[in-house]
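So the structure is just underneath, and the comments pick up after that.
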Amino acid sequence: MGPILLSPHYISPIWGGTAIARARGIDLARGQNYGEAFDVSAHEGVESVVASGPDASMPLGQLLGQRHREVMGDDPEDMVVQVVSMDARQNLSVQVHPDEAYARRVEHDREKAESWYILDAAPGATLIAGCTTDDVDRLRRAAASDTIGQEYGRKVPVQRGDFVLIPAGTLHALGAGIFAVEVGSFGNTTYRLCDWGRGRPLQVDCGFDVLRTGNEPVVRHLGTHDPSRLQVRVGADHRLFHCDVVDVSGSWECELGGTYRVVTCVEGTADVGCGGQEARLGYTTSCIVPACAQGFRVSGDCRVLVSSHPLGAE
């Protein structure tokens with residue numbers, strides 16, 4: 001079984017820009033922006049679809065169910081690490097995600113922890129990650145006036161090549177002028193606490209149920225791709241997902257160790273080979289390397305994200 005290419009589930013959010021469409025050569029109809037692309041997702045409502053081969057047009061969740069051992073290997077889960085491309089022309093809503101226990105009990109969902117690899121950022125761009133106060137009464141008053149992000153959001157400046165880890169329960173918002181790849185866990189529940197006056201519904205009560213005011217982001221500054229050498233560095237490490245940032249000059253090989261990987265090209269062009277087959281990844285695109293391949297090779301002058309689900313994570 002070779003690399004699994006997927007057709008993303010595209011969304012045109014109110015805050016979205018057109019960088020994803022430009023990167024992928026997509027012509028947009030009037031009113032579209034495709035500012036958010038669920039490139040690798042088995043979550044209902046935003047599910048990716050197999051793009052080619054004998055399983056073409058099959059929803060990813062169905063593929064995992066029918067060919068679980070081949071794709072997932074020793075991983076007993078029925079979902080994969082999610083990868084989402086996001087282009088923020090405006091600030092995203094200030095939001096928080098539930099942990100595993102709350103998500104299962106209240107939403108029949110899974111924990112949503114996430115990380116952002118910054119593909120590009122306008123000069124001076126910032127995101128919100130964490131609170132500047134632990135006074136919940138103040139935070140509630142600010143949420144009621146739709147100003148919690150402005151008043152109490154912790155502003156984090158970012159630039160190309162940064163990696164930011166956002167645990168569940170963290171107040172956060174991707175900021176205007178940031179183009180990012182999100183790598184995260186299985187859930188997809190979001191509670192908005194502020195929408196910058198845009199008038200969309202808020203979920204303040206649930207949001208404050210799960211908010212952890214002491215959470216702070218983990219930020220790694222990795223810089224841009226260095227084509228002069230091969231290097232593998234940790235981008236994000238969480239109990240539910242792990243992501244390495246790999247700078248390839250020529251080729252790089254990786255053993256799978258009984259489970260799958262998701263490979264995402266974030267600079268250059270990457271050729272991913274396994275199981276006697278090869279897939280070419282352009283900028284921002286991803287594939288799944290199935291566990292049955294046992295290993296894979298990345299060729300080219302490129303930077304890739306290699307994401308996985310740590311076994312025994314729950």
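By convention here, the chains of the structure tokens are called A, B, ... in the order presented, each chain's residues are numbered starting at 1, and ligands are numbered starting at 1 in the order presented.
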
Handout entry: Contacts of Arg69 (chain A) at 10 Å (only C-alpha atoms; same-chain gap of 4+ positions) as a list of chain:residue names
Key =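 The residues that qualify are A:Leu64, A:Gly65, A:Gly73, A:Asp74, A:Asp75, A:Pro76, A:Gly258, A:Thr259, A:Pro290, A:Ala291, A:Cys292.
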
**Message:** Please extract the residues of region 50-280 of chain A with a backbone DSSP assignment of strand (DSSP E) and present them as a VMD selection string.
**Reply:** chain A and resid 50 82 to 88 94 to 96 114 to 121 126 to 131 153 to 157 162 to 166 172 to 173 178 to 184 191 to 194 218 to 221 231 to 238 241 to 255 261 to 268 270 to 274 277 to 280

Running DSSP on the backbone, which parts of region 12-260 of chain A land in alpha helix (DSSP H), as an MDAnalysis selection string? chainID A and resid 19:24 60:66 68:72 100:102 136:144 148:152 204:210

Selection: 9 Å around region 98-105 of chain A, only C-alpha atoms, excl. self and same-chain fewer than 4 positions, as a count of residues only = 17

*asked:* At a cut-off of 12 Å, using only C-alpha atoms, what residues contact Pro201 (chain A)? Leave out same-chain residues fewer than 3 positions from it and give the result as an MDAnalysis selection string.
replied: chainID A and resid 93 95 146 190:198 204

Residues within 7 Å of Phe38 (chain A), please, as a PyMOL selection string. Count only C-alpha atoms; anything in the same chain fewer than 2 positions from it doesn't count. chain A and resi 8-10+36+40-41+46+48+83-85

query = Quick one: of A:Val219, A:Val71, A:Met58, A:Ile148, who's nearest to Val289 (chain A), counting only C-alpha atoms?
reply =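 Between A:Val219, A:Val71, A:Met58, A:Ile148, the residue approaching Val289 (chain A) most closely is A:Val71.
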
Region 145-251 of chain A near region 263-279 of chain A within 10 Å: what's each residue's closest atom pair and its distance in Å to one decimal, counting only C-alpha atoms, ordered by chain then ascending residue number, as CSV?
```
residue,atom,partner,partner_atom,distance
A:Gly161,CA,A:Val266,CA,9.4
A:Ala180,CA,A:Val266,CA,9.5
A:Val181,CA,A:Val266,CA,8.4
A:Val183,CA,A:Thr264,CA,9.8
A:Thr224,CA,A:Glu267,CA,8.5
A:His225,CA,A:Glu267,CA,7.0
A:Cys243,CA,A:Val263,CA,9.6
A:Asp244,CA,A:Val263,CA,9.7
A:Val245,CA,A:Val266,CA,9.4
A:Val246,CA,A:Cys265,CA,9.7
A:Asp247,CA,A:Glu267,CA,9.0
A:Val248,CA,A:Ala270,CA,8.8
A:Ser251,CA,A:Asp271,CA,9.1
```

Write a file of the selected residues as a PDB file, in the first residue's frame, keeping N, CA and C atoms.
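Result went into result_33.pdb, see below:
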```
ATOM      1  N   GLY A 161       8.121  29.734  10.267  1.00  0.00           N
ATOM      2  CA  GLY A 161       8.945  28.691  10.866  1.00  0.00           C
ATOM      3  C   GLY A 161       8.718  28.475  12.345  1.00  0.00           C
ATOM      4  N   ALA A 180      -1.110  29.258   8.309  1.00  0.00           N
ATOM      5  CA  ALA A 180      -0.608  28.216   9.199  1.00  0.00           C
ATOM      6  C   ALA A 180      -1.141  26.844   8.818  1.00  0.00           C
ATOM      7  N   VAL A 181      -0.411  25.828   9.262  1.00  0.00           N
ATOM      8  CA  VAL A 181      -0.882  24.445   9.242  1.00  0.00           C
ATOM      9  C   VAL A 181      -1.154  24.035  10.679  1.00  0.00           C
ATOM     10  N   VAL A 183      -1.850  21.091  13.278  1.00  0.00           N
ATOM     11  CA  VAL A 183      -1.734  19.661  13.543  1.00  0.00           C
ATOM     12  C   VAL A 183      -2.341  19.420  14.910  1.00  0.00           C
ATOM     13  N   THR A 224      13.524  29.064   8.880  1.00  0.00           N
ATOM     14  CA  THR A 224      13.117  28.512   7.585  1.00  0.00           C
ATOM     15  C   THR A 224      14.009  27.345   7.189  1.00  0.00           C
ATOM     16  N   HIS A 225      13.621  26.661   6.146  1.00  0.00           N
ATOM     17  CA  HIS A 225      14.336  25.484   5.668  1.00  0.00           C
ATOM     18  C   HIS A 225      15.783  25.810   5.329  1.00  0.00           C
ATOM     19  N   CYS A 243       4.707  15.882  16.383  1.00  0.00           N
ATOM     20  CA  CYS A 243       5.045  16.365  15.043  1.00  0.00           C
ATOM     21  C   CYS A 243       6.514  16.757  14.983  1.00  0.00           C
ATOM     22  N   ASP A 244       7.246  16.122  14.076  1.00  0.00           N
ATOM     23  CA  ASP A 244       8.633  16.490  13.795  1.00  0.00           C
ATOM     24  C   ASP A 244       8.688  17.395  12.571  1.00  0.00           C
ATOM     25  N   VAL A 245       9.644  18.306  12.582  1.00  0.00           N
ATOM     26  CA  VAL A 245       9.918  19.169  11.437  1.00  0.00           C
ATOM     27  C   VAL A 245      11.218  18.667  10.814  1.00  0.00           C
ATOM     28  N   VAL A 246      11.136  18.249   9.552  1.00  0.00           N
ATOM     29  CA  VAL A 246      12.272  17.604   8.904  1.00  0.00           C
ATOM     30  C   VAL A 246      12.708  18.432   7.704  1.00  0.00           C
ATOM     31  N   ASP A 247      13.952  18.896   7.738  1.00  0.00           N
ATOM     32  CA  ASP A 247      14.549  19.573   6.592  1.00  0.00           C
ATOM     33  C   ASP A 247      15.317  18.538   5.784  1.00  0.00           C
ATOM     34  N   VAL A 248      14.912  18.345   4.527  1.00  0.00           N
ATOM     35  CA  VAL A 248      15.487  17.317   3.666  1.00  0.00           C
ATOM     36  C   VAL A 248      16.305  17.977   2.574  1.00  0.00           C
ATOM     37  N   SER A 251      17.554  13.113   0.338  1.00  0.00           N
ATOM     38  CA  SER A 251      16.533  12.159   0.760  1.00  0.00           C
ATOM     39  C   SER A 251      16.693  11.848   2.247  1.00  0.00           C
TER      40      SER A 251
END
```

Using Å and a single decimal, report how far CA of Leu202 (chain A) sits from CA of His97 (chain A).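 Separating CA of His97 (chain A) from CA of Leu202 (chain A) is a distance of 13.0 Å.
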
Q) Using only C-alpha atoms, which residues sit within 12 Å of Met72 (chain A) once same-chain residues fewer than 6 positions away are excluded, as a list in words? A)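 Here the answer would be Leu60, Gly61, Leu63, Leu64, Gly65, Gln66, Asp78, Met79, Val80, Val81, Leu256, Gly257, Gly258, Thr259, Tyr260, Arg261, Val262, Ile288, Val289, Pro290, Ala291, Cys292, Ala293, Gln294, Ser308, His309, Pro310 and Leu311 of chain A.
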